[in-house]
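Next comes coords.json, a file with JSON, C-alpha atoms and all ligand atoms.
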[["chain", "number", "residue", "atom", "x", "y", "z"],
["A", 186, "MET", "CA", -192.05, 10.52, -182.26],
["A", 187, "THR", "CA", -195.63, 9.49, -182.90],
["A", 188, "SER", "CA", -197.34, 11.15, -185.79],
["A", 189, "THR", "CA", -201.09, 11.47, -186.00],
["A", 190, "SER", "CA", -203.08, 12.60, -188.97],
["A", 191, "GLY", "CA", -205.69, 14.41, -186.91],
["A", 192, "PRO", "CA", -206.38, 18.11, -187.08],
["A", 193, "SER", "CA", -203.60, 20.35, -185.91],
["A", 194, "HIS", "CA", -203.72, 21.77, -182.42],
["A", 195, "SER", "CA", -205.92, 24.72, -181.75],
["A", 196, "THR", "CA", -204.26, 27.34, -179.63],
["A", 197, "ASN", "CA", -206.42, 26.42, -176.62],
["A", 198, "GLU", "CA", -205.41, 22.80, -176.56],
["A", 199, "PRO", "CA", -202.40, 22.09, -174.32],
["A", 200, "LEU", "CA", -199.26, 21.17, -176.19],
["A", 201, "ALA", "CA", -197.34, 18.12, -175.06],
["A", 202, "ALA", "CA", -193.97, 19.09, -173.62],
["A", 203, "GLU", "CA", -191.99, 17.29, -176.29],
["A", 204, "GLU", "CA", -193.98, 18.93, -179.05],
["A", 205, "ALA", "CA", -193.67, 22.34, -177.39],
["A", 206, "ARG", "CA", -189.93, 21.94, -177.03],
["A", 207, "SER", "CA", -189.50, 20.84, -180.64],
["A", 208, "LEU", "CA", -191.00, 24.05, -182.02],
["A", 209, "SER", "CA", -188.58, 26.47, -183.63],
["A", 210, "GLU", "CA", -188.73, 30.14, -182.76],
["A", 211, "GLU", "CA", -190.21, 30.71, -186.21],
["A", 212, "GLN", "CA", -193.00, 28.26, -185.44],
["A", 213, "TRP", "CA", -193.64, 30.01, -182.12],
["A", 214, "ARG", "CA", -193.78, 33.29, -183.98],
["A", 215, "GLN", "CA", -196.54, 31.88, -186.16],
["A", 216, "ARG", "CA", -198.53, 30.55, -183.20],
["A", 217, "LEU", "CA", -198.39, 33.69, -181.07],
["A", 218, "SER", "CA", -199.28, 37.32, -181.51],
["A", 219, "PRO", "CA", -196.22, 39.57, -181.97],
["A", 220, "GLU", "CA", -196.71, 40.96, -178.44],
["A", 221, "ALA", "CA", -197.04, 37.52, -176.83],
["A", 222, "PHE", "CA", -194.06, 36.21, -178.82],
["A", 223, "HIS", "CA", -191.90, 39.03, -177.52],
["A", 224, "ILE", "CA", -192.82, 38.31, -173.89],
["A", 225, "LEU", "CA", -192.88, 34.52, -173.97],
["A", 226, "ARG", "CA", -190.01, 33.74, -176.31],
["A", 227, "GLN", "CA", -187.79, 36.81, -175.93],
["A", 228, "ALA", "CA", -188.33, 37.35, -172.20],
["A", 229, "GLY", "CA", -189.95, 40.72, -172.71],
["A", 230, "THR", "CA", -191.96, 42.57, -170.10],
["A", 231, "GLU", "CA", -195.24, 44.28, -170.79],
["A", 232, "ARG", "CA", -195.77, 47.78, -169.49],
["A", 233, "PRO", "CA", -197.36, 47.86, -166.03],
["A", 234, "PHE", "CA", -201.08, 48.57, -165.76],
["A", 235, "THR", "CA", -201.58, 47.79, -169.45],
["A", 236, "GLY", "CA", -202.07, 44.02, -169.45],
["A", 237, "GLU", "CA", -205.34, 42.19, -169.74],
["A", 238, "TYR", "CA", -205.27, 40.62, -166.26],
["A", 239, "TRP", "CA", -203.42, 42.90, -163.86],
["A", 240, "ASP", "CA", -206.61, 43.88, -162.01],
["A", 241, "THR", "CA", -208.82, 40.93, -162.99],
["A", 242, "GLU", "CA", -210.80, 39.43, -160.13],
["A", 243, "GLU", "CA", -212.62, 36.75, -162.13],
["A", 244, "THR", "CA", -212.38, 33.21, -160.79],
["A", 245, "GLY", "CA", -210.80, 30.61, -162.96],
["A", 246, "VAL", "CA", -207.50, 29.13, -164.01],
["A", 247, "TYR", "CA", -204.61, 30.89, -165.70],
["A", 248, "SER", "CA", -202.79, 28.78, -168.27],
["A", 249, "CYS", "CA", -199.61, 29.34, -170.25],
["A", 250, "ARG", "CA", -200.52, 31.30, -173.37],
["A", 251, "ALA", "CA", -197.85, 29.48, -175.35],
["A", 252, "CYS", "CA", -198.66, 25.85, -174.55],
["A", 253, "GLY", "CA", -201.88, 25.79, -172.51],
["A", 254, "GLN", "CA", -200.51, 24.19, -169.35],
["A", 255, "GLU", "CA", -202.35, 25.31, -166.21],
["A", 256, "LEU", "CA", -200.11, 27.54, -164.12],
["A", 257, "PHE", "CA", -202.00, 29.63, -161.57],
["A", 258, "ALA", "CA", -205.43, 29.60, -159.94],
["A", 259, "SER", "CA", -207.34, 32.82, -159.37],
["A", 260, "THR", "CA", -207.55, 31.86, -155.66],
["A", 261, "THR", "CA", -203.81, 32.60, -155.33],
["A", 262, "LYS", "CA", -204.02, 35.93, -157.16],
["A", 263, "PHE", "CA", -203.66, 39.00, -154.99],
["A", 264, "ASP", "CA", -203.61, 42.73, -155.43],
["A", 265, "ALA", "CA", -199.95, 43.73, -155.25],
["A", 266, "ARG", "CA", -200.61, 47.11, -156.91],
["A", 267, "CYS", "CA", -197.61, 46.58, -159.13],
["A", 268, "GLY", "CA", -199.42, 46.63, -162.46],
["A", 269, "TRP", "CA", -198.96, 42.96, -163.33],
["A", 270, "PRO", "CA", -200.99, 39.91, -162.35],
["A", 271, "SER", "CA", -199.52, 38.66, -159.08],
["A", 272, "PHE", "CA", -199.88, 35.26, -157.48],
["A", 273, "TYR", "CA", -198.46, 33.81, -154.30],
["A", 274, "ALA", "CA", -198.00, 30.27, -155.66],
["A", 275, "PRO", "CA", -198.36, 28.23, -158.84],
["A", 276, "THR", "CA", -201.02, 25.50, -158.87],
["A", 277, "ASP", "CA", -198.16, 23.00, -158.82],
["A", 278, "ASN", "CA", -194.49, 23.71, -158.25],
["A", 279, "GLU", "CA", -193.64, 21.22, -160.99],
["A", 280, "ARG", "CA", -195.27, 23.48, -163.56],
["A", 281, "VAL", "CA", -192.73, 26.26, -163.38],
["A", 282, "THR", "CA", -188.96, 26.48, -163.49],
["A", 283, "TYR", "CA", -186.69, 29.17, -162.09],
["A", 284, "VAL", "CA", -183.71, 30.82, -163.73],
["A", 285, "GLU", "CA", -181.44, 33.43, -162.20],
["A", 286, "ASP", "CA", -181.68, 36.61, -164.23],
["A", 287, "SER", "CA", -178.96, 39.23, -163.87],
["A", 288, "SER", "CA", -180.18, 41.61, -166.55],
["A", 289, "LEU", "CA", -180.90, 45.26, -165.74],
["A", 290, "GLY", "CA", -178.09, 45.30, -163.18],
["A", 291, "MET", "CA", -179.96, 43.34, -160.53],
["A", 292, "THR", "CA", -180.41, 39.73, -159.69],
["A", 293, "ARG", "CA", -183.92, 38.49, -160.07],
["A", 294, "VAL", "CA", -185.45, 35.07, -160.44],
["A", 295, "GLU", "CA", -187.11, 34.48, -163.76],
["A", 296, "VAL", "CA", -190.15, 32.17, -163.87],
["A", 297, "ARG", "CA", -190.64, 29.96, -166.89],
["A", 298, "CYS", "CA", -193.28, 27.45, -167.92],
["A", 299, "ALA", "CA", -191.87, 24.00, -167.16],
["A", 300, "ASN", "CA", -193.79, 22.51, -170.06],
["A", 301, "CYS", "CA", -192.66, 24.72, -172.96],
["A", 302, "ASP", "CA", -189.84, 26.78, -171.38],
["A", 303, "SER", "CA", -191.48, 30.09, -172.23],
["A", 304, "HIS", "CA", -190.88, 33.21, -170.14],
["A", 305, "LEU", "CA", -193.68, 34.09, -167.71],
["A", 306, "GLY", "CA", -192.28, 36.76, -165.42],
["A", 307, "HIS", "CA", -190.31, 36.94, -162.18],
["A", 308, "VAL", "CA", -190.77, 35.84, -158.59],
["A", 309, "PHE", "CA", -189.92, 38.07, -155.63],
["A", 310, "ALA", "CA", -189.60, 36.97, -152.01],
["A", 311, "GLY", "CA", -189.90, 38.66, -148.67],
["A", 312, "GLU", "CA", -191.81, 41.77, -149.71],
["A", 313, "GLY", "CA", -194.12, 41.52, -146.72],
["A", 314, "PHE", "CA", -197.39, 40.89, -148.50],
["A", 315, "ASP", "CA", -199.96, 39.21, -146.30],
["A", 316, "THR", "CA", -200.03, 35.97, -148.26],
["A", 317, "PRO", "CA", -199.32, 32.35, -147.24],
["A", 318, "THR", "CA", -195.93, 32.21, -148.99],
["A", 319, "ASP", "CA", -194.54, 35.76, -148.91],
["A", 320, "LEU", "CA", -193.72, 35.22, -152.57],
["A", 321, "ARG", "CA", -194.95, 37.36, -155.42],
["A", 322, "TYR", "CA", -195.09, 35.73, -158.82],
["A", 323, "CYS", "CA", -195.17, 38.80, -161.01],
["A", 324, "ILE", "CA", -196.42, 37.47, -164.33],
["A", 325, "ASN", "CA", -197.09, 39.14, -167.66],
["A", 326, "SER", "CA", -200.73, 39.09, -168.74],
["A", 327, "LEU", "CA", -199.49, 38.23, -172.22],
["A", 328, "SER", "CA", -197.96, 35.02, -170.87],
["A", 329, "LEU", "CA", -201.32, 33.89, -169.52],
["A", 330, "ASN", "CA", -204.74, 32.87, -170.69],
["A", 331, "LEU", "CA", -207.63, 32.94, -168.21],
["A", 332, "THR", "CA", -210.24, 30.21, -168.40],
["A", 333, "LYS", "CA", -213.12, 31.46, -166.30],
["A", 334, "SER", "CA", -215.00, 29.15, -163.97],
["A", 335, "GLN", "CA", -218.40, 28.07, -165.22],
["A", 336, "ASP", "CA", -220.26, 28.73, -161.98],
["B", 401, "ZN", "ZN", -196.01, 26.79, -171.53]]
As structure tokens, what does this structure read like?
Amino acid sequence: MTSTSGPSHSTNEPLAAEEARSLSEEQWRQRLSPEAFHILRQAGTERPFTGEYWDTEETGVYSCRACGQELFASTTKFDARCGWPSFYAPTDNERVTYVEDSSLGMTRVEVRCANCDSHLGHVFAGEGFDTPTDLRYCINSLSLNLTKSQD
């Protein structure tokens, strides 16, 4: 592991995957707000229609709130009226991982950040939305950080 003596990472600077994956839960707890820690590291779900981004129409890029990796572009965000930010595709399929989730008595597919393995939300297929993929990435606002476009 290379060690540098530079200033420590600000929260907006992307974390390298190996650094992100070496953090203990206690270190995550220190980096994140209690609400974001609960969602990202304990697979919590924010209440619908309460998050920062569920009805945001600003253009820009949504990054992982835990590690800063870019995850979704505002151009793939659509109004699913479900109370959470919804996207039809990640900016790159390599940036997310999928885990079968059988909690709450149903089988869903959990979406995680491929870089830091934090919980983002769930993905649902075949709901009939008029989008290119017929997928709905239902993501917690607290898992995301929007960087607005300059123009
Ligand atoms: Zn991440």
Shortest interatomic distance to ligand ZN 401 (chain B) - which of A:Phe234, A:Cys298, A:Gln227, A:Arg206, counting only C-alpha atoms and all ligand atoms: A:Cys298
Please write out, as AutoDock Vina command-line options, where the centre of an axis-aligned box around all listed atoms of region 311-314 of chain A lies and how long its edges are, in Å to one decimal, after adding 4 Å on each side.
--center_x -193.6 --center_y 40.2 --center_z -148.2 --size_x 15.5 --size_y 11.1 --size_z 11.0
Two-atom distance - CA of Pro275 (chain A), CA of Phe257 (chain A) (Å):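 Result for CA of Pro275 (chain A) versus CA of Phe257 (chain A): 4.8 Å, one decimal.
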Within-6 Å residues of ligand ZN 401 (chain B), basis all atoms listed in the file, as a ChimeraX atom specification: /A:249,251-252,254,298,300-301,303
Restricted to C-alpha atoms, what would the selected residues look like written as a compact mmCIF listing (two decimals), in the frame of the given file?
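Result went into result_16.txt, see below:
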# COMPACT_ATOMS: atom_id res chain seq x y z
CA CYS A 249 -199.61 29.34 -170.25
CA ALA A 251 -197.85 29.48 -175.35
CA CYS A 252 -198.66 25.85 -174.55
CA GLN A 254 -200.51 24.19 -169.35
CA CYS A 298 -193.28 27.45 -167.92
CA ASN A 300 -193.79 22.51 -170.06
CA CYS A 301 -192.66 24.72 -172.96
CA SER A 303 -191.48 30.09 -172.23
Coordinates-based distance that separates CA of Asp286 (chain A) from CA of Thr260 (chain A) (Å, one decimal): 27.7 Å
Distance in Å - CA of Ala299 (chain A) versus CA of Asn325 (chain A):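 According to the coordinates, CA of Ala299 (chain A) and CA of Asn325 (chain A) are separated by 16.0 Å.
With distances restricted to all atoms listed in the file, A:Thr276 is the closest residue to Gly245 (chain A) from A:Leu217, A:Asp302, A:Thr276, A:Arg226.
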Nearest-residue call for Val294 (chain A), choices A:Phe314, A:Tyr322, A:Trp239, A:Phe263, using all atoms listed in the file: A:Tyr322
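Distance check against Leu256 (chain A) using all atoms listed in the file: of A:Ala202, A:Glu220, A:Phe272, A:Ser287, the minimum falls on A:Phe272.
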For Val284 (chain A), the nearest of the candidates A:Gly236, A:Pro199, A:Pro317, A:Gly306, counting all atoms listed in the file: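 For Val284 (chain A), the nearest of the candidates is A:Gly306.
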Proximity to Thr241 (chain A) - best of A:Glu255, A:Asp315, A:Asp264, A:Glu204, all atoms listed in the file: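 Checking each candidate against Thr241 (chain A), we get A:Asp264 as the closest.
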Within 12 Å of (-196.1, 48.3, -166.3), in the coordinates the file gives, what residues turn up when you count all atoms listed in the file, written out as a short mmCIF file (atom, residue, chain, number, x, y, z; two decimals) with C-alpha atoms, in the coordinates of the input?
data_model
loop_
_atom_site.label_atom_id
_atom_site.label_comp_id
_atom_site.auth_asym_id
_atom_site.auth_seq_id
_atom_site.Cartn_x
_atom_site.Cartn_y
_atom_site.Cartn_z
CA GLY A 229 -189.95 40.72 -172.71
CA THR A 230 -191.96 42.57 -170.10
CA GLU A 231 -195.24 44.28 -170.79
CA ARG A 232 -195.77 47.78 -169.49
CA PRO A 233 -197.36 47.86 -166.03
CA PHE A 234 -201.08 48.57 -165.76
CA THR A 235 -201.58 47.79 -169.45
CA GLY A 236 -202.07 44.02 -169.45
CA GLU A 237 -205.34 42.19 -169.74
CA TYR A 238 -205.27 40.62 -166.26
CA TRP A 239 -203.42 42.90 -163.86
CA ARG A 266 -200.61 47.11 -156.91
CA CYS A 267 -197.61 46.58 -159.13
CA GLY A 268 -199.42 46.63 -162.46
CA TRP A 269 -198.96 42.96 -163.33
CA PRO A 270 -200.99 39.91 -162.35
CA CYS A 323 -195.17 38.80 -161.01
CA ILE A 324 -196.42 37.47 -164.33
CA ASN A 325 -197.09 39.14 -167.66
CA SER A 326 -200.73 39.09 -168.74
#
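Every protein or nucleic acid residue with an atom no more than 7 Å from Leu329 (chain A), counting only C-alpha atoms and leaving out same-chain residues fewer than 6 positions away, appears here: A:Tyr247, A:Ser248, A:Cys249, A:Arg250.
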Local residues around (-191.7, 34.3, -165.0), at most 6 Å away, using all atoms listed in the file, as a PyMOL selection string: chain A and resi 295-297+304-307+324
